[in-house]
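Inspection log for the structure reproduced underneath, given as structure tokens.
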Amino acid sequence: MKIIVCKDYEEMSARAAALAADSVRENPQALISFPGGDTPRGMVHAFADLVNAGEVDIARARYVSLDEWVGLSNEDEGSCGLFNRAEFLSRLQKPFLDLHIINGKAEDIEAERRALDAYIVSYGPLDVSVLGIGMNGHLGFNEDGVDFGLNAHIIPLSDTTKRVMTKYFGEKFHPEYGISQGIAQIMAAKKVILIANGAHKAEIIEKAVRGEVTNRVPASVLQNHPNCYVVVDEAAAARL
């Protein structure tokens with residue numbers, strides 16, 4: 001693991017975006033994946049700014065989303081797909097060659113899972129996977145206790161995730177499952193970038209980076225990745 005401690009959220013976002021852009025420069029036909037949520041918002045904005053400034057060319061690159069709440073499409077408030085569309089893809093002045101955005105509202109969710117696997121098989125492995133970290137150490141919806149050998153899968157949400165998700169949905173929606181790229185696909189990526197900010201993430205970052213490698217803290221598996229960057233602000237790095 002290469003640990004990069006940044007002074008604040010803005011620097012963390014810019015450094016992570018620059019690392020992701022490097023992967024596209026190295027392979028213009030790259031397959032890349034970004035997460036949704038509060039933490040990556042600045043990073044996806046910064047990456048879009050690099051594209052729009054002509055500093056990275058995505059014309060031959062492909063994009064695949066990381067995860068989605070089962071029951072939500074990319075038009076639903078709080079969905080990862082809407083985040084991708086509103087916060088990232090709509091900001092790009094030039095599009096990716098191709099996209100695969102998970103539809104958590106698909107009539108046949110198992111077929112949607114197979115389609116995610118098939119896309120990564122066809123165009124992968126991932127050149128770069130940017131990831132946030134949950135309060136229980138989850139990556140995407142790879143919740144605590146997940147099998148590290150899985151590819152794309154549908155998984156019951158942990159109690160921790162259900163508590164946190166109220167900031168996205170309030171009392172309007174109570175998803176029970178997530179659909180996600182699996183740990184096997186993340187670990188096969190040529191580069192992984194884990195981002196975190198804020199004092200509330202300091203304890204879980206310490207466990208992920210310095211603790212035992214265990215599926216009770218899924219992000220700890222990244223200690224075994226040969227090209228993993230942990231990009232954090234000073235508050236999130238406080239216990240390292």
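How things are named: the first chain in the structure tokens is A, the next is B, and so on; residues count from 1 in each chain; ligands count from 1 in the order shown.
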
query = region 13-187 of chain A: which residues are alpha helix (DSSP H) by DSSP, as number ranges by chain?
reply = A: 13-26, 41-52, 80-83, 109-123, 159-164, 166-169, 183-187

Strand (DSSP E or B) positions in region 19-131 of chain A, given as a list in words =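 Assigned to strand (DSSP E or B), within region 19-131 of chain A: Leu31, Ile32, Ser33, Arg62, Tyr63, Val64, Asp67, Glu68, Trp69, Asp98, Leu99, His100, Val128, Ser129, Val130 and Leu131 of chain A.
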
inquiry  = Give me, as a PyMOL selection string, all polymer residues having an atom no more than 6 Å from region 175-179 of chain A, counting only C-alpha atoms and skipping those fewer than 4 positions away in the same chain.
reply    = chain A and resi 67-70+141+153-157

Could those selected residues go to a file with N, CA and C atoms, as a JSON list (two decimals), in the first residue's frame?
[["chain", "number", "residue", "atom", "x", "y", "z"],
["A", 67, "ASP", "N", -21.52, -0.27, -7.93],
["A", 67, "ASP", "CA", -22.57, -0.94, -7.16],
["A", 67, "ASP", "C", -23.88, -0.18, -7.29],
["A", 68, "GLU", "N", -24.94, -0.75, -6.71],
["A", 68, "GLU", "CA", -26.24, -0.11, -6.71],
["A", 68, "GLU", "C", -27.12, -0.74, -5.64],
["A", 69, "TRP", "N", -28.02, 0.07, -5.12],
["A", 69, "TRP", "CA", -29.05, -0.44, -4.20],
["A", 69, "TRP", "C", -30.06, -1.23, -5.03],
["A", 70, "VAL", "N", -30.35, -2.45, -4.61],
["A", 70, "VAL", "CA", -31.38, -3.23, -5.32],
["A", 70, "VAL", "C", -32.73, -2.58, -5.08],
["A", 141, "PHE", "N", -20.67, -2.79, -2.15],
["A", 141, "PHE", "CA", -21.53, -3.51, -1.21],
["A", 141, "PHE", "C", -20.92, -4.86, -0.85],
["A", 153, "HIS", "N", -22.03, -9.78, -7.40],
["A", 153, "HIS", "CA", -22.96, -10.55, -6.57],
["A", 153, "HIS", "C", -24.03, -9.63, -5.97],
["A", 154, "ILE", "N", -25.07, -10.27, -5.47],
["A", 154, "ILE", "CA", -26.16, -9.59, -4.77],
["A", 154, "ILE", "C", -26.05, -10.00, -3.31],
["A", 155, "ILE", "N", -26.07, -9.03, -2.41],
["A", 155, "ILE", "CA", -25.73, -9.31, -1.02],
["A", 155, "ILE", "C", -26.67, -8.58, -0.08],
["A", 156, "PRO", "N", -27.08, -9.22, 1.03],
["A", 156, "PRO", "CA", -27.87, -8.50, 2.04],
["A", 156, "PRO", "C", -27.04, -7.37, 2.64],
["A", 157, "LEU", "N", -27.68, -6.23, 2.86],
["A", 157, "LEU", "CA", -26.99, -5.09, 3.44],
["A", 157, "LEU", "C", -26.78, -5.30, 4.94]]

message = as a list of chain:residue names, please: the residues near Gly182 (chain A) (cut-off 8 Å, only C-alpha atoms, same-chain neighbours under 6 positions excluded).
response =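 Here the answer would be A:Asn142, A:Phe148, A:Gly149, A:Leu150, A:Asn151, A:Ala152, A:His153.
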
Could you write those residues out with C-alpha atoms, as a tab-separated table (two decimals), in the first residue's frame?
chain	number	residue	atom	x	y	z
A	142	ASN	CA	-18.93	-6.07	-0.22
A	148	PHE	CA	-13.27	-12.58	-1.08
A	149	GLY	CA	-13.51	-14.98	-4.03
A	150	LEU	CA	-16.75	-13.54	-5.43
A	151	ASN	CA	-17.18	-11.66	-8.67
A	152	ALA	CA	-20.36	-9.55	-9.11
A	153	HIS	CA	-22.96	-10.55	-6.57

task = Tell me which of A:Arg60, A:Arg216, A:His138, A:Lys105 sits closest to Ser79 (chain A), counting only C-alpha atoms.
result = A:Lys105

If you count only C-alpha atoms, which residues fall within 9 Å of Val209 (chain A), apart from same-chain ones fewer than 2 positions away, as a CSV table (one decimal) with C-alpha atoms, in the first residue's frame?
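Result written to out-v5.csv:
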chain,number,residue,atom,x,y,z
A,1,MET,CA,0.0,0.0,0.0
A,3,ILE,CA,-0.4,5.9,1.7
A,204,ILE,CA,-11.8,2.1,10.1
A,205,ILE,CA,-8.9,3.3,8.0
A,206,GLU,CA,-6.5,2.1,10.7
A,207,LYS,CA,-8.1,-1.3,10.7
A,211,GLY,CA,-5.1,-4.4,11.0
A,212,GLU,CA,-5.5,-8.1,10.3
A,213,VAL,CA,-6.5,-9.0,6.8
A,219,ALA,CA,-11.1,-3.2,2.9
A,220,SER,CA,-8.2,-4.9,4.7
A,222,LEU,CA,-6.3,-4.3,-0.2
A,223,GLN,CA,-3.1,-4.8,1.9
A,230,VAL,CA,-4.7,4.9,0.1
A,240,LEU,CA,-2.0,5.7,11.1

Set out as CSV a contact list for region 189-211 of chain A and region 116-128 of chain A with a cut-off of 9 Å, giving each residue of region 189-211 of chain A that qualifies its closest atom pair and distance in Å to one decimal, counting only C-alpha atoms, ordered by chain and rising residue number.
residue,atom,partner,partner_atom,distance
A:Ala189,CA,A:Leu126,CA,4.5
A:Lys190,CA,A:Asp127,CA,4.9
A:Lys191,CA,A:Val128,CA,4.7
A:Val192,CA,A:Val128,CA,5.7
A:Ile193,CA,A:Val128,CA,7.5

key: Distance query region 27-39 of chain A at most 7 Å, only C-alpha atoms, self and fewer than 5 positions along chain excluded, as a ChimeraX atom specification   = /A:58,60-66,80,83-84,123-124,126-132,196-197

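CA of Ala17 (chain A) sits 6.9 Å away from CA of Val44 (chain A).
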
inquiry  = Considering only C-alpha atoms, can you say which of A:Ala106, A:Met43, A:Val56, A:Ala235 comes closest to Gly198 (chain A)?
reply    =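 The closest residue to Gly198 (chain A) is A:Ala235.
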
query = Given the choices A:Arg15, A:Arg210, A:Lys7, A:Lys94, which gets closest to Val51 (chain A) if the distance is worked out from only C-alpha atoms?
reply =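 Smallest distance to Val51 (chain A) is found for A:Lys94.
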
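Neighbouring residues of Gln93 (chain A) at 12 Å or closer, counting only C-alpha atoms and skipping chain neighbours under 6 positions away, are Phe47, Ala48, Asp49, Leu50, Val51, Asn52, Ala53, Gly54, Asp57, Ile58 and Ala59 of chain A.
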
Pull N, CA and C atoms from the residues just selected and write them as an mmCIF file, in the first residue's frame.
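For reference, result.cif as written:
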data_model
loop_
_atom_site.group_PDB
_atom_site.id
_atom_site.type_symbol
_atom_site.label_atom_id
_atom_site.label_comp_id
_atom_site.auth_asym_id
_atom_site.auth_seq_id
_atom_site.Cartn_x
_atom_site.Cartn_y
_atom_site.Cartn_z
ATOM 1 N N PHE A 47 -11.867 14.725 -11.755
ATOM 2 C CA PHE A 47 -11.548 13.919 -12.943
ATOM 3 C C PHE A 47 -12.232 14.515 -14.173
ATOM 4 N N ALA A 48 -13.491 14.902 -14.039
ATOM 5 C CA ALA A 48 -14.208 15.527 -15.155
ATOM 6 C C ALA A 48 -13.507 16.809 -15.593
ATOM 7 N N ASP A 49 -12.990 17.572 -14.633
ATOM 8 C CA ASP A 49 -12.262 18.802 -14.978
ATOM 9 C C ASP A 49 -11.018 18.488 -15.804
ATOM 10 N N LEU A 50 -10.321 17.400 -15.467
ATOM 11 C CA LEU A 50 -9.136 16.997 -16.232
ATOM 12 C C LEU A 50 -9.513 16.617 -17.657
ATOM 13 N N VAL A 51 -10.625 15.890 -17.797
ATOM 14 C CA VAL A 51 -11.102 15.519 -19.132
ATOM 15 C C VAL A 51 -11.454 16.765 -19.933
ATOM 16 N N ASN A 52 -12.200 17.665 -19.315
ATOM 17 C CA ASN A 52 -12.677 18.863 -20.018
ATOM 18 C C ASN A 52 -11.542 19.816 -20.375
ATOM 19 N N ALA A 53 -10.455 19.755 -19.613
ATOM 20 C CA ALA A 53 -9.294 20.598 -19.903
ATOM 21 C C ALA A 53 -8.371 19.962 -20.944
ATOM 22 N N GLY A 54 -8.722 18.775 -21.405
ATOM 23 C CA GLY A 54 -7.903 18.088 -22.398
ATOM 24 C C GLY A 54 -6.664 17.427 -21.825
ATOM 25 N N ASP A 57 -7.674 11.865 -22.095
ATOM 26 C CA ASP A 57 -8.588 11.562 -23.200
ATOM 27 C C ASP A 57 -9.322 10.257 -22.905
ATOM 28 N N ILE A 58 -10.645 10.335 -22.778
ATOM 29 C CA ILE A 58 -11.433 9.133 -22.476
ATOM 30 C C ILE A 58 -12.193 8.615 -23.699
ATOM 31 N N ALA A 59 -11.842 9.103 -24.877
ATOM 32 C CA ALA A 59 -12.602 8.758 -26.083
ATOM 33 C C ALA A 59 -12.595 7.264 -26.383
#
